[in-house]
There are 2 protein chains.
Amino acid sequence: MWTDPTCPVARAVDVIGDRWSLLIVRDAMDGARSFTDFQQRTGIARNILADRLRKLTAHGLLAHVEAPSGKRRQYALTAAGEDLFAVIVTLRQWGERHAFEAGEPHSVLVDAHGALVPPVVPTAPDGSPLTSDTTSVRK
Amino acid sequence: MWTDPTCPVARAVDVIGDRWSLLIVRDAMDGARSFTDFQQRTGIARNILADRLRKLTAHGLLAHVEAPSGKRRQYALTAAGEDLFAVIVTLRQWGERHAFEAGEPHSVLVDAHGALVPPVVPTAPDGSPLTSDTTSVRK
DNA sequence: CCCAATTGGTTGCAGTTTGCAACTCTTCGG
DNA sequence: CCGAAGAGTTGCAAACTGCAACCAATTGGG
């Protein structure tokens, strides 16, 4: 079932490591709720979207919510889905730094006051920044 | 060329959003250098591995390095590849929280002193934690 | 209350990607 | 030199994607 059963990175990639799942979660965080919301924002093929919504729901990242005024299906992020926020922010920041030419325009993430969100950096318990050289994986 | 030309998340996913690229980068951060290093650690099919190494090199995440004592090809992360560290750490932490059953064992990330790396949280300039509700995307 | 448009999918099919296994070519160790 | 290991490449079968057409259930307008 899992690509590498003991590695959390591998399991996470198994769940959201395809071309569309993270973009669906991104749009859900930005307010998308209905099938057509997602379809129009991402431009994904409808059958693939249906499949991804099913899988994300099965994995517990999305859930069906009862729309107050009607029976039309709505999707909302679960706590696990919301918890991908940090992943999407770091991915966005990496993209801003390395996937755009200098001067090429792109969207940015701002907080409630309109201030740019600072780079997210993993830190040790004492607050010092960490890199792959100063960390290791323990089984 | 890009799924969504103005969204850094989409561009990042275009580069590393498949089942193997991030695991290759993960293993590179953990010391993998040669074709067979990657092949044995990930278990990926050899033709796919060759393709991914080519693409990651073309995108500037990996580079060929001249091995001091020999002509065998070696791969090393570039600065852009190293910069995925924060992404991999957040992904790992998400996986630890949401892709394992309670009590199911998994590897953990520790710093040079053996201390667990604390959860990575996006924060505003004033240090307060951010969520998808307290941030927005500005074009 | 009824008809048409909208929503939320499913189905069929063609093209692409992936995975496995076998094969090649180079290099290293003795 | 000779054999083994490293680094890929090639050929194919199976799985996954995308497009377009189709279908059933809601909903909105008159």
# chains A, B, ... in the order shown; residues from 1 in each chain; ligands from 1

call {"tool": "residues_around", "arguments": {"residues": "segment 4-19 of chain D", "least_positions_apart": "5", "cutoff": "10 Å", "atoms": "only C-alpha atoms (C1' of nucleotides)", "output": "JSON, numbers by chain"}}
result
{"A": [44, 45, 46, 47, 48], "B": [34, 35, 36, 46, 47, 49, 50, 72, 73], "C": [13, 14, 15, 16, 17, 18, 19, 20, 21, 22, 23, 24, 25, 26, 27, 28, 29]}

call {"tool": "select_by_dssp", "arguments": {"residues": "segment 89-133 of chain B", "states": "alpha helix (DSSP H)", "output": "number ranges by chain"}}
result
B: 89-98

call {"tool": "write_last_selection", "arguments": {"atoms": "N, CA and C atoms", "output": "PDB file, in the first residue's frame"}}
result
ATOM      1  N   VAL B  89      10.564  19.023   5.258  1.00  0.00           N
ATOM      2  CA  VAL B  89      10.325  18.947   6.705  1.00  0.00           C
ATOM      3  C   VAL B  89       8.839  19.130   7.013  1.00  0.00           C
ATOM      4  N   THR B  90       8.195  20.111   6.390  1.00  0.00           N
ATOM      5  CA  THR B  90       6.764  20.305   6.682  1.00  0.00           C
ATOM      6  C   THR B  90       5.947  19.112   6.204  1.00  0.00           C
ATOM      7  N   LEU B  91       6.341  18.574   5.056  1.00  0.00           N
ATOM      8  CA  LEU B  91       5.640  17.409   4.532  1.00  0.00           C
ATOM      9  C   LEU B  91       5.813  16.221   5.473  1.00  0.00           C
ATOM     10  N   ARG B  92       7.028  16.039   5.951  1.00  0.00           N
ATOM     11  CA  ARG B  92       7.303  14.952   6.900  1.00  0.00           C
ATOM     12  C   ARG B  92       6.461  15.124   8.163  1.00  0.00           C
ATOM     13  N   GLN B  93       6.405  16.333   8.673  1.00  0.00           N
ATOM     14  CA  GLN B  93       5.655  16.550   9.906  1.00  0.00           C
ATOM     15  C   GLN B  93       4.169  16.327   9.687  1.00  0.00           C
ATOM     16  N   TRP B  94       3.676  16.738   8.515  1.00  0.00           N
ATOM     17  CA  TRP B  94       2.271  16.481   8.208  1.00  0.00           C
ATOM     18  C   TRP B  94       2.035  14.978   8.162  1.00  0.00           C
ATOM     19  N   GLY B  95       2.939  14.258   7.484  1.00  0.00           N
ATOM     20  CA  GLY B  95       2.816  12.811   7.387  1.00  0.00           C
ATOM     21  C   GLY B  95       2.823  12.151   8.761  1.00  0.00           C
ATOM     22  N   GLU B  96       3.703  12.627   9.637  1.00  0.00           N
ATOM     23  CA  GLU B  96       3.758  12.051  10.986  1.00  0.00           C
ATOM     24  C   GLU B  96       2.429  12.230  11.718  1.00  0.00           C
ATOM     25  N   ARG B  97       1.820  13.385  11.504  1.00  0.00           N
ATOM     26  CA  ARG B  97       0.573  13.670  12.226  1.00  0.00           C
ATOM     27  C   ARG B  97      -0.645  12.970  11.637  1.00  0.00           C
ATOM     28  N   HIS B  98      -0.667  12.828  10.301  1.00  0.00           N
ATOM     29  CA  HIS B  98      -1.925  12.420   9.673  1.00  0.00           C
ATOM     30  C   HIS B  98      -1.862  11.157   8.819  1.00  0.00           C
TER      31      HIS B  98
END

call {"tool": "select_by_dssp", "arguments": {"residues": "chain B", "states": "strand (DSSP E)", "output": "VMD selection string"}}
result
chain B and resid 62 to 65 74 to 77 108 to 111 135 to 138

call {"tool": "residues_around", "arguments": {"residues": "Ser132 of chain B", "least_positions_apart": "5", "cutoff": "12 Å", "atoms": "only C-alpha atoms (C1' of nucleotides)", "output": "PyMOL selection string"}}
result
(chain A and resi 25-31+77+79+81-89+109-112+117) or (chain B and resi 121-123+137)

call {"tool": "closest_atom_pairs", "arguments": {"of": "chain C", "to": "chain A", "cutoff": "12 Å", "atoms": "only C-alpha atoms (C1' of nucleotides)", "output": "CSV"}}
result
residue,atom,partner,partner_atom,distance
C:DT6,C1',A:Thr36,CA,10.2
C:DT7,C1',A:Thr36,CA,7.6
C:DG8,C1',A:Phe35,CA,6.7
C:DG9,C1',A:Ala50,CA,7.3
C:DT10,C1',A:Asn47,CA,7.8
C:DT11,C1',A:Asn47,CA,9.7

call {"tool": "write_last_selection", "arguments": {"atoms": "N, CA and C atoms (P, O5', C5', C4', C3', O3' and C1' of nucleotides)", "output": "mmCIF file, in the first residue's frame"}}
result
data_model
loop_
_atom_site.group_PDB
_atom_site.id
_atom_site.type_symbol
_atom_site.label_atom_id
_atom_site.label_comp_id
_atom_site.auth_asym_id
_atom_site.auth_seq_id
_atom_site.Cartn_x
_atom_site.Cartn_y
_atom_site.Cartn_z
ATOM 1 P P DT C 6 -26.917 27.984 -17.807
ATOM 2 O "O5'" DT C 6 -26.664 27.185 -16.447
ATOM 3 C "C5'" DT C 6 -27.409 27.551 -15.294
ATOM 4 C "C4'" DT C 6 -27.072 26.613 -14.155
ATOM 5 C "C3'" DT C 6 -25.598 26.192 -14.095
ATOM 6 O "O3'" DT C 6 -25.133 26.432 -12.766
ATOM 7 C "C1'" DT C 6 -27.008 24.293 -13.984
ATOM 8 P P DT C 7 -23.629 26.085 -12.298
ATOM 9 O "O5'" DT C 7 -23.802 24.696 -11.541
ATOM 10 C "C5'" DT C 7 -24.758 24.596 -10.493
ATOM 11 C "C4'" DT C 7 -24.782 23.177 -9.954
ATOM 12 C "C3'" DT C 7 -23.409 22.572 -9.676
ATOM 13 O "O3'" DT C 7 -23.429 21.967 -8.390
ATOM 14 C "C1'" DT C 7 -24.657 21.136 -11.070
ATOM 15 P P DG C 8 -22.096 21.450 -7.710
ATOM 16 O "O5'" DG C 8 -22.083 19.907 -8.086
ATOM 17 C "C5'" DG C 8 -23.076 19.047 -7.542
ATOM 18 C "C4'" DG C 8 -22.917 17.662 -8.114
ATOM 19 C "C3'" DG C 8 -21.470 17.134 -8.097
ATOM 20 O "O3'" DG C 8 -21.464 15.750 -7.742
ATOM 21 C "C1'" DG C 8 -22.319 16.999 -10.241
ATOM 22 P P DG C 9 -20.177 15.092 -7.093
ATOM 23 O "O5'" DG C 9 -19.160 15.082 -8.336
ATOM 24 C "C5'" DG C 9 -18.826 13.924 -9.058
ATOM 25 C "C4'" DG C 9 -19.970 13.346 -9.871
ATOM 26 C "C3'" DG C 9 -19.529 12.140 -10.687
ATOM 27 O "O3'" DG C 9 -19.857 10.948 -9.997
ATOM 28 C "C1'" DG C 9 -20.948 13.629 -11.933
ATOM 29 P P DT C 10 -19.036 9.649 -10.381
ATOM 30 O "O5'" DT C 10 -19.577 9.203 -11.818
ATOM 31 C "C5'" DT C 10 -20.914 8.740 -11.947
ATOM 32 C "C4'" DT C 10 -21.108 8.193 -13.357
ATOM 33 C "C3'" DT C 10 -20.091 7.118 -13.760
ATOM 34 O "O3'" DT C 10 -20.795 6.076 -14.419
ATOM 35 C "C1'" DT C 10 -20.037 8.909 -15.308
ATOM 36 P P DT C 11 -19.991 4.735 -14.840
ATOM 37 O "O5'" DT C 11 -19.821 4.881 -16.429
ATOM 38 C "C5'" DT C 11 -20.833 5.502 -17.189
ATOM 39 C "C4'" DT C 11 -20.447 5.493 -18.671
ATOM 40 C "C3'" DT C 11 -19.413 4.444 -19.070
ATOM 41 O "O3'" DT C 11 -19.777 3.894 -20.330
ATOM 42 C "C1'" DT C 11 -18.604 6.607 -19.607
#

call {"tool": "closest_residue", "arguments": {"among": "A:Ala63, A:Ala80, A:Ala102, A:Ile24", "to": "chain B", "atoms": "only C-alpha atoms"}}
result
A:Ala80

call {"tool": "atom_distance", "arguments": {"atom1": "atom CA of Val13 of chain B", "atom2": "atom CA of Val65 of chain B"}}
result
26.0 Å

call {"tool": "closest_residue", "arguments": {"among": "B:Leu56, B:Ser107, B:Thr42, B:Gly127", "to": "chain A", "atoms": "only C-alpha atoms"}}
result
B:Ser107

call {"tool": "atom_distance", "arguments": {"atom1": "atom CA of Leu130 of chain B", "atom2": "atom CA of Pro118 of chain B"}}
result
16.2 Å

call {"tool": "atom_distance", "arguments": {"atom1": "atom CA of Thr131 of chain A", "atom2": "atom CA of Leu62 of chain B"}}
result
16.8 Å
